$ cat input.txt   # compact mmCIF, C-alpha atoms
# COMPACT_ATOMS: atom_id res chain seq x y z
CA MET A 4 111.31 100.55 114.48
CA VAL A 5 114.49 100.18 116.52
CA LYS A 6 113.03 97.21 118.38
CA LYS A 7 112.13 95.53 115.06
CA ARG A 8 115.70 95.96 113.80
CA ILE A 9 117.08 94.51 117.03
CA ASN A 10 114.80 91.48 116.68
CA ILE A 11 115.94 91.01 113.08
CA CYS A 12 119.60 91.22 114.10
CA ILE A 13 119.07 88.70 116.88
CA SER A 14 117.28 86.34 114.50
CA LEU A 15 120.06 86.64 111.91
CA PHE A 16 122.69 86.02 114.58
CA ILE A 17 120.90 82.87 115.77
CA LEU A 18 120.49 81.59 112.21
CA LEU A 19 124.16 82.29 111.49
CA ALA A 20 125.24 80.46 114.64
CA VAL A 21 123.04 77.45 113.82
CA THR A 22 124.38 77.41 110.23
CA ILE A 23 127.99 77.45 111.43
CA ILE A 24 127.30 74.62 113.89
CA ALA A 25 125.63 72.56 111.14
CA ILE A 26 128.37 73.16 108.55
CA PHE A 27 131.36 72.80 110.87
CA PRO A 28 131.43 68.94 110.95
CA PHE A 29 131.39 68.79 107.16
CA TYR A 30 134.14 71.42 107.01
CA MET A 31 136.28 69.41 109.40
CA MET A 32 135.68 66.29 107.30
CA LEU A 33 137.03 68.14 104.28
CA ILE A 34 140.02 69.36 106.27
CA MET A 35 140.81 65.90 107.63
CA SER A 36 140.70 64.46 104.11
CA THR A 37 143.78 66.55 103.27
CA TYR A 38 146.02 64.87 105.88
CA LYS A 39 147.75 61.52 106.24
CA THR A 40 146.26 58.81 108.43
CA SER A 41 149.24 59.09 110.79
CA GLU A 42 148.56 62.81 111.22
CA LEU A 43 144.92 62.36 112.24
CA SER A 44 145.93 61.19 115.71
CA LYS A 45 147.64 64.52 116.29
CA ALA A 46 146.11 67.95 116.69
CA ILE A 47 144.39 68.83 113.42
CA SER A 48 144.70 72.37 112.15
CA MET A 49 141.71 74.30 110.90
CA LEU A 50 143.64 74.84 107.68
CA PRO A 51 143.91 72.19 104.93
CA GLY A 52 146.97 70.00 104.53
CA ASN A 53 148.75 68.94 101.36
CA TYR A 54 147.82 65.24 101.15
CA PHE A 55 144.38 65.51 99.51
CA PHE A 56 145.42 64.42 96.01
CA GLU A 57 147.30 61.43 97.41
CA ASN A 58 144.16 60.37 99.31
CA LEU A 59 142.14 60.94 96.14
CA ARG A 60 144.56 58.74 94.17
CA ARG A 61 144.27 55.99 96.78
CA ILE A 62 140.48 55.89 96.82
CA ILE A 63 140.30 55.89 93.01
CA SER A 64 142.81 53.05 92.81
CA GLY A 65 140.73 51.22 95.43
CA GLY A 66 137.66 51.12 93.15
CA PHE A 67 135.90 54.21 94.49
CA LEU A 68 134.52 55.22 91.08
CA ASN A 69 132.94 51.78 90.67
CA TYR A 70 131.34 52.01 94.13
CA TYR A 71 130.18 55.51 93.29
CA GLY A 72 128.59 54.32 90.06
CA ASN A 73 126.81 51.48 91.85
CA SER A 74 125.34 53.89 94.38
CA VAL A 75 124.23 56.31 91.66
CA TYR A 76 122.55 53.50 89.71
CA ILE A 77 120.82 51.99 92.75
CA SER A 78 119.72 55.34 94.19
CA VAL A 79 118.45 56.91 90.97
CA VAL A 80 116.59 53.88 89.60
CA THR A 81 115.10 52.99 92.98
CA THR A 82 114.01 56.57 93.66
CA VAL A 83 112.33 56.94 90.27
CA LEU A 84 110.45 53.64 90.57
CA CYS A 85 109.51 54.25 94.21
CA VAL A 86 108.17 57.75 93.55
CA PHE A 87 106.16 56.62 90.52
CA MET A 88 104.62 53.62 92.32
CA SER A 89 103.95 55.62 95.49
CA ALA A 90 102.27 58.47 93.60
CA LEU A 91 100.12 56.11 91.53
CA THR A 92 99.15 54.01 94.55
CA GLY A 93 98.56 57.11 96.68
CA TYR A 94 96.23 58.49 94.00
CA GLY A 95 94.22 55.27 94.13
CA PHE A 96 93.91 55.35 97.91
CA ALA A 97 93.16 59.08 98.06
CA LYS A 98 90.60 59.48 95.29
CA PHE A 99 89.00 56.06 94.71
CA LYS A 100 86.48 54.49 97.05
CA PHE A 101 86.65 50.69 97.24
CA ARG A 102 85.82 48.12 99.90
CA LEU A 103 89.37 47.42 101.15
CA ASN A 104 90.56 51.01 101.10
CA LYS A 105 90.80 51.54 104.86
CA PRO A 106 91.94 47.98 105.78
CA LEU A 107 94.76 48.10 103.23
CA MET A 108 95.82 51.53 104.45
CA MET A 109 95.92 50.17 108.00
CA VAL A 110 98.18 47.37 106.77
CA ILE A 111 100.50 49.92 105.15
CA VAL A 112 100.63 52.01 108.32
CA GLY A 113 101.27 48.87 110.35
CA CYS A 114 104.15 47.86 108.07
CA MET A 115 105.71 51.28 108.65
CA MET A 116 105.99 50.40 112.33
CA ILE A 117 107.95 47.19 111.70
CA PRO A 118 111.75 47.65 111.59
CA MET A 119 113.38 46.53 108.36
CA GLN A 120 115.80 44.34 110.31
CA LEU A 121 112.97 42.02 111.44
CA GLY A 122 112.13 41.01 107.89
CA LEU A 123 115.67 40.87 106.59
CA VAL A 124 116.10 37.10 106.95
CA GLY A 125 112.83 36.39 105.18
CA TYR A 126 113.73 38.85 102.45
CA VAL A 127 117.07 37.16 101.84
CA ILE A 128 115.34 33.77 101.60
CA GLU A 129 112.84 35.24 99.12
CA MET A 130 115.60 36.78 96.98
CA ARG A 131 117.45 33.45 97.02
CA ALA A 132 114.33 31.72 95.69
CA PHE A 133 114.24 34.23 92.82
CA HIS A 134 118.00 33.82 92.25
CA LEU A 135 118.57 37.52 92.92
CA VAL A 136 121.06 37.25 95.79
CA ASN A 137 124.30 39.10 95.05
CA THR A 138 122.62 41.43 92.53
CA ARG A 139 121.93 45.14 92.66
CA GLU A 140 118.28 44.45 91.88
CA ALA A 141 117.89 42.67 95.23
CA VAL A 142 119.04 45.84 96.98
CA MET A 143 116.53 47.89 95.01
CA VAL A 144 113.35 45.80 95.27
CA MET A 145 112.77 46.40 98.98
CA SER A 146 112.94 50.18 98.60
CA VAL A 147 110.73 50.35 95.52
CA ALA A 148 107.72 49.06 97.47
CA ASN A 149 107.89 51.77 100.12
CA CYS A 150 105.06 51.96 102.67
CA PHE A 151 106.04 55.44 103.79
CA GLY A 152 106.00 56.66 100.18
CA VAL A 153 102.46 55.35 99.65
CA PHE A 154 101.25 56.84 102.93
CA TRP A 155 102.95 60.18 102.22
CA MET A 156 101.52 60.52 98.71
CA THR A 157 98.05 59.43 99.85
CA GLN A 158 97.91 62.15 102.49
CA PHE A 159 99.45 64.74 100.16
CA ILE A 160 96.99 64.05 97.33
CA ARG A 161 94.03 64.13 99.70
CA SER A 162 95.01 67.55 101.03
CA THR A 163 96.10 69.25 97.79
CA VAL A 164 94.09 67.84 94.86
CA PRO A 165 90.43 69.01 94.71
CA ASP A 166 87.85 66.40 93.79
CA SER A 167 86.15 68.95 91.52
CA VAL A 168 89.19 69.09 89.25
CA ILE A 169 89.18 65.31 88.81
CA GLU A 170 85.43 65.24 88.15
CA SER A 171 85.76 68.00 85.55
CA ALA A 172 88.51 66.07 83.78
CA ARG A 173 86.35 62.93 83.74
CA LEU A 174 83.43 64.87 82.28
CA ASP A 175 85.74 66.14 79.53
CA GLY A 176 86.55 62.53 78.63
CA CYS A 177 90.02 62.29 80.10
CA SER A 178 91.10 58.76 81.06
CA GLU A 179 92.23 57.89 84.59
CA LEU A 180 95.85 57.58 83.53
CA GLY A 181 95.50 60.86 81.65
CA ILE A 182 94.17 62.51 84.81
CA PHE A 183 97.11 61.17 86.77
CA PHE A 184 99.82 62.23 84.33
CA LYS A 185 98.31 65.53 83.17
CA ILE A 186 96.63 66.82 86.35
CA ILE A 187 97.63 64.96 89.50
CA LEU A 188 101.39 65.16 88.88
CA ALA A 189 101.12 68.92 88.36
CA TYR A 190 99.45 69.34 91.76
CA ILE A 191 101.79 67.12 93.74
CA ARG A 192 105.22 68.34 92.59
CA PRO A 193 106.21 69.51 96.10
CA GLY A 194 105.21 66.14 97.55
CA ILE A 195 107.15 64.32 94.84
CA ALA A 196 110.23 66.48 95.44
CA THR A 197 110.07 65.75 99.17
CA LEU A 198 109.82 62.02 98.57
CA VAL A 199 112.63 62.13 95.99
CA ILE A 200 114.99 63.78 98.47
CA LEU A 201 114.12 61.39 101.30
CA GLN A 202 114.21 58.26 99.15
CA PHE A 203 117.47 59.21 97.46
CA MET A 204 119.06 59.90 100.83
CA TRP A 205 117.87 56.57 102.28
CA ASN A 206 119.10 54.61 99.28
CA TRP A 207 122.44 56.42 99.11
CA ASN A 208 123.10 55.78 102.83
CA SER A 209 121.86 52.17 102.81
CA TYR A 210 124.38 49.87 104.48
CA LEU A 211 122.80 46.85 106.20
CA LEU A 212 120.83 45.48 103.23
CA PRO A 213 123.75 45.62 100.76
CA LEU A 214 126.01 44.12 103.44
CA VAL A 215 123.73 41.08 103.72
CA ILE A 216 122.73 40.72 100.06
CA LEU A 217 125.96 41.44 98.20
CA ASN A 218 129.05 39.22 98.20
CA ASP A 219 130.77 40.52 95.08
CA ALA A 220 132.90 43.59 95.88
CA SER A 221 132.38 44.94 92.36
CA LEU A 222 128.68 45.42 93.19
CA TYR A 223 129.27 47.26 96.47
CA PRO A 224 127.67 50.69 96.88
CA ILE A 225 129.71 53.53 98.29
CA THR A 226 128.72 52.79 101.90
CA LEU A 227 130.34 49.34 101.73
CA GLY A 228 133.14 50.43 99.44
CA ILE A 229 134.41 53.05 101.88
CA ALA A 230 134.81 50.41 104.60
CA THR A 231 137.09 48.37 102.33
CA LEU A 232 139.60 51.16 101.73
CA GLY A 233 142.97 50.33 103.22
CA ASN A 234 144.79 47.00 103.47
CA ARG A 235 144.37 43.75 105.34
CA TYR A 236 146.34 45.03 108.33
CA SER A 237 144.98 48.54 108.88
CA ALA A 238 142.32 50.91 107.63
CA ASP A 239 143.31 54.06 105.75
CA TYR A 240 141.20 56.50 107.74
CA ALA A 241 142.36 59.56 105.81
CA ALA A 242 141.30 57.95 102.51
CA GLN A 243 138.00 56.87 104.05
CA ILE A 244 137.28 60.41 105.24
CA CYS A 245 138.14 61.72 101.77
CA ALA A 246 135.71 59.20 100.27
CA LEU A 247 133.06 60.20 102.81
CA ALA A 248 133.45 63.85 101.87
CA LEU A 249 133.04 63.06 98.17
CA GLY A 250 130.20 60.63 98.91
CA THR A 251 128.25 63.30 100.75
CA MET A 252 128.22 65.65 97.76
CA PRO A 253 125.30 64.04 95.83
CA ILE A 254 122.99 64.28 98.86
CA ILE A 255 123.86 67.96 99.30
CA VAL A 256 123.31 68.66 95.59
CA VAL A 257 119.95 66.86 95.54
CA PHE A 258 118.78 68.68 98.67
CA ILE A 259 119.84 72.11 97.38
CA ALA A 260 118.18 71.45 94.01
CA GLY A 261 114.90 70.39 95.63
CA SER A 262 114.94 72.46 98.83
CA LYS A 263 112.24 74.86 97.59
CA TYR A 264 109.81 72.05 96.80
CA PHE A 265 110.93 70.14 99.90
CA ILE A 266 109.77 72.98 102.17
CA GLN A 267 106.54 73.34 100.19
CA GLY A 268 105.91 69.62 100.49
CA LEU A 269 106.39 69.60 104.26
CA THR A 270 104.06 72.58 104.76
CA ALA A 271 101.41 71.67 102.18
CA GLY A 272 97.99 71.05 103.60
CA ASP A 273 98.66 72.83 106.90
CA VAL A 274 96.23 75.60 106.05
CA LYS A 275 93.03 74.96 104.19
CA GLY A 276 90.91 77.73 102.84
$ encode --input "input.txt" --output "C-alpha cells"
Amino acid sequence: MVKKRINICISLFILLAVTIIAIFPFYMMLIMSTYKTSELSKAISMLPGNYFFENLRRIISGGFLNYYGNSVYISVVTTVLCVFMSALTGYGFAKFKFRLNKPLMMVIVGCMMIPMQLGLVGYVIEMRAFHLVNTREAVMVMSVANCFGVFWMTQFIRSTVPDSVIESARLDGCSELGIFFKIILAYIRPGIATLVILQFMWNWNSYLLPLVILNDASLYPITLGIATLGNRYSADYAAQICALALGTMPIIVVFIAGSKYFIQGLTAGDVKG
C-alpha cells in the first residue's frame, strides 16, 4: 500500500513538472506582452508589467480585429467543409467495394507524402485561371480537399463502424445518405473531433499559402497580420507578442473543448473485441 502511494506521488510529480514546462512558454508570452518593446531587451521579470493595455490599443488600431475575423472565417468554414468531405469520402472508401478503391487510396496516401510547397506554384497558376487569387476562398480550397482527412476517416470508420449495423439499416429501408447522417456520424464523433482540432489548428497557423495568395492587407489572416504590426522602420515586438498571446487563445479553447473526444479518437480501434 505504501509502495503504491509512493508510485502515485512520483507520477503526480512528473505530470506536474511536465505541465509546468509546457505552460511556462505561454506564461512568459503573456508576461512579455505587458512590457514595452524597449524593455524586452532587458531582464524580464516573472511578474506582469503595466503596458498591456497600450499594446492592446496598438494592435487593435493596427487592424488586429480584422485579421482575427479573417482567420476565424477561414478556419471555421474550411474545417467544417473538410470534415464533412473527409467523413463522406472516408465512408465510401471504408464500406463500399468498387474497382478503383485500393488504387485511389494509394494515390491519396502518395499525395500525403508530397510537401505542400512543391505544388504551390501550380496551385497559384490554377487559382489565377479561376480568378481566385487574392481571395480568402483561394486560401480555403487547398485545405478542404485534405488527403490526411480522407485517410484518417477511412481508417477510423473501418475500425469503429460494424458492417452489420449498416446492413441492418439497409434492410430497414434507410438510404445511403440516411445511414451516413443517422448512423455513421454517431459512431465516428471521436474521429470527427480529432480531425476538427487538427484541421482548425493547421488553418489557424497557416502562413505560407496566405503569404503567396493574398496581396490585399485587409484579407490577411492573423499569422500575416501580426508580422505587419509596427512601422516601416522597426517592428513593435511587444505588440506582436501581445497579438500572439491573443491569437493562441482559440486553439487552446478548441483543444480543451474537444480534448475528451480527441483522446478517444487517437485511441479508437487499438483494441478489438
$ closest_residue --input "input.txt" --among "A:Ser162, A:Cys12, A:Leu19, A:Tyr38" --to "Asn58 (chain A)" --atoms "only C-alpha atoms"
A:Tyr38
$ residues_around --input "input.txt" --residues "region 175-189 of chain A" --least-positions-apart "6" --cutoff "10 Å" --atoms "only C-alpha atoms" --output "PyMOL selection string"
chain A and resi 87+90-91+94-95+160+163-165+168-169+195
$ closest_residue --input "input.txt" --among "A:Ser171, A:Asn218, A:Asn137, A:Asn149" --to "Leu201 (chain A)" --atoms "only C-alpha atoms"
A:Asn149
$ residues_near_point --input "input.txt" --point "(94.5, 62.8, 99.0)" --cutoff "6 Å" --atoms "all atoms listed in the file" --output "PyMOL selection string"
chain A and resi 97+157-162
$ closest_residue --input "input.txt" --among "A:Ala238, A:Ile13, A:Ile77, A:Leu18" --to "Leu222 (chain A)" --atoms "all atoms listed in the file"
A:Ile77
$ atom_distance --input "input.txt" --atom1 "CA of Ala241 (chain A)" --atom2 "CA of Leu227 (chain A)"
16.3 Å
$ residues_near_point --input "input.txt" --point "(106.9, 57.7, 89.4)" --cutoff "12 Å" --atoms "only C-alpha atoms" --output "PyMOL selection string"
chain A and resi 79-94+147-148+152-153+156+183-184+187-188+191-192+194-196+198-199
$ axis_aligned_box --input "input.txt" --around "region 223-228 of chain A" --padding-each-side "4 Å" --output "JSON"
{"center_x": 130.4, "center_y": 50.4, "center_z": 99.2, "size_x": 13.5, "size_y": 14.3, "size_z": 13.4}
$ atom_distance --input "input.txt" --atom1 "CA of Leu249 (chain A)" --atom2 "CA of Ser221 (chain A)"
19.0 Å
$ closest_residue --input "input.txt" --among "A:Gln243, A:Gln202, A:Asn73, A:Thr37" --to "Phe56 (chain A)" --atoms "all atoms listed in the file"
A:Thr37
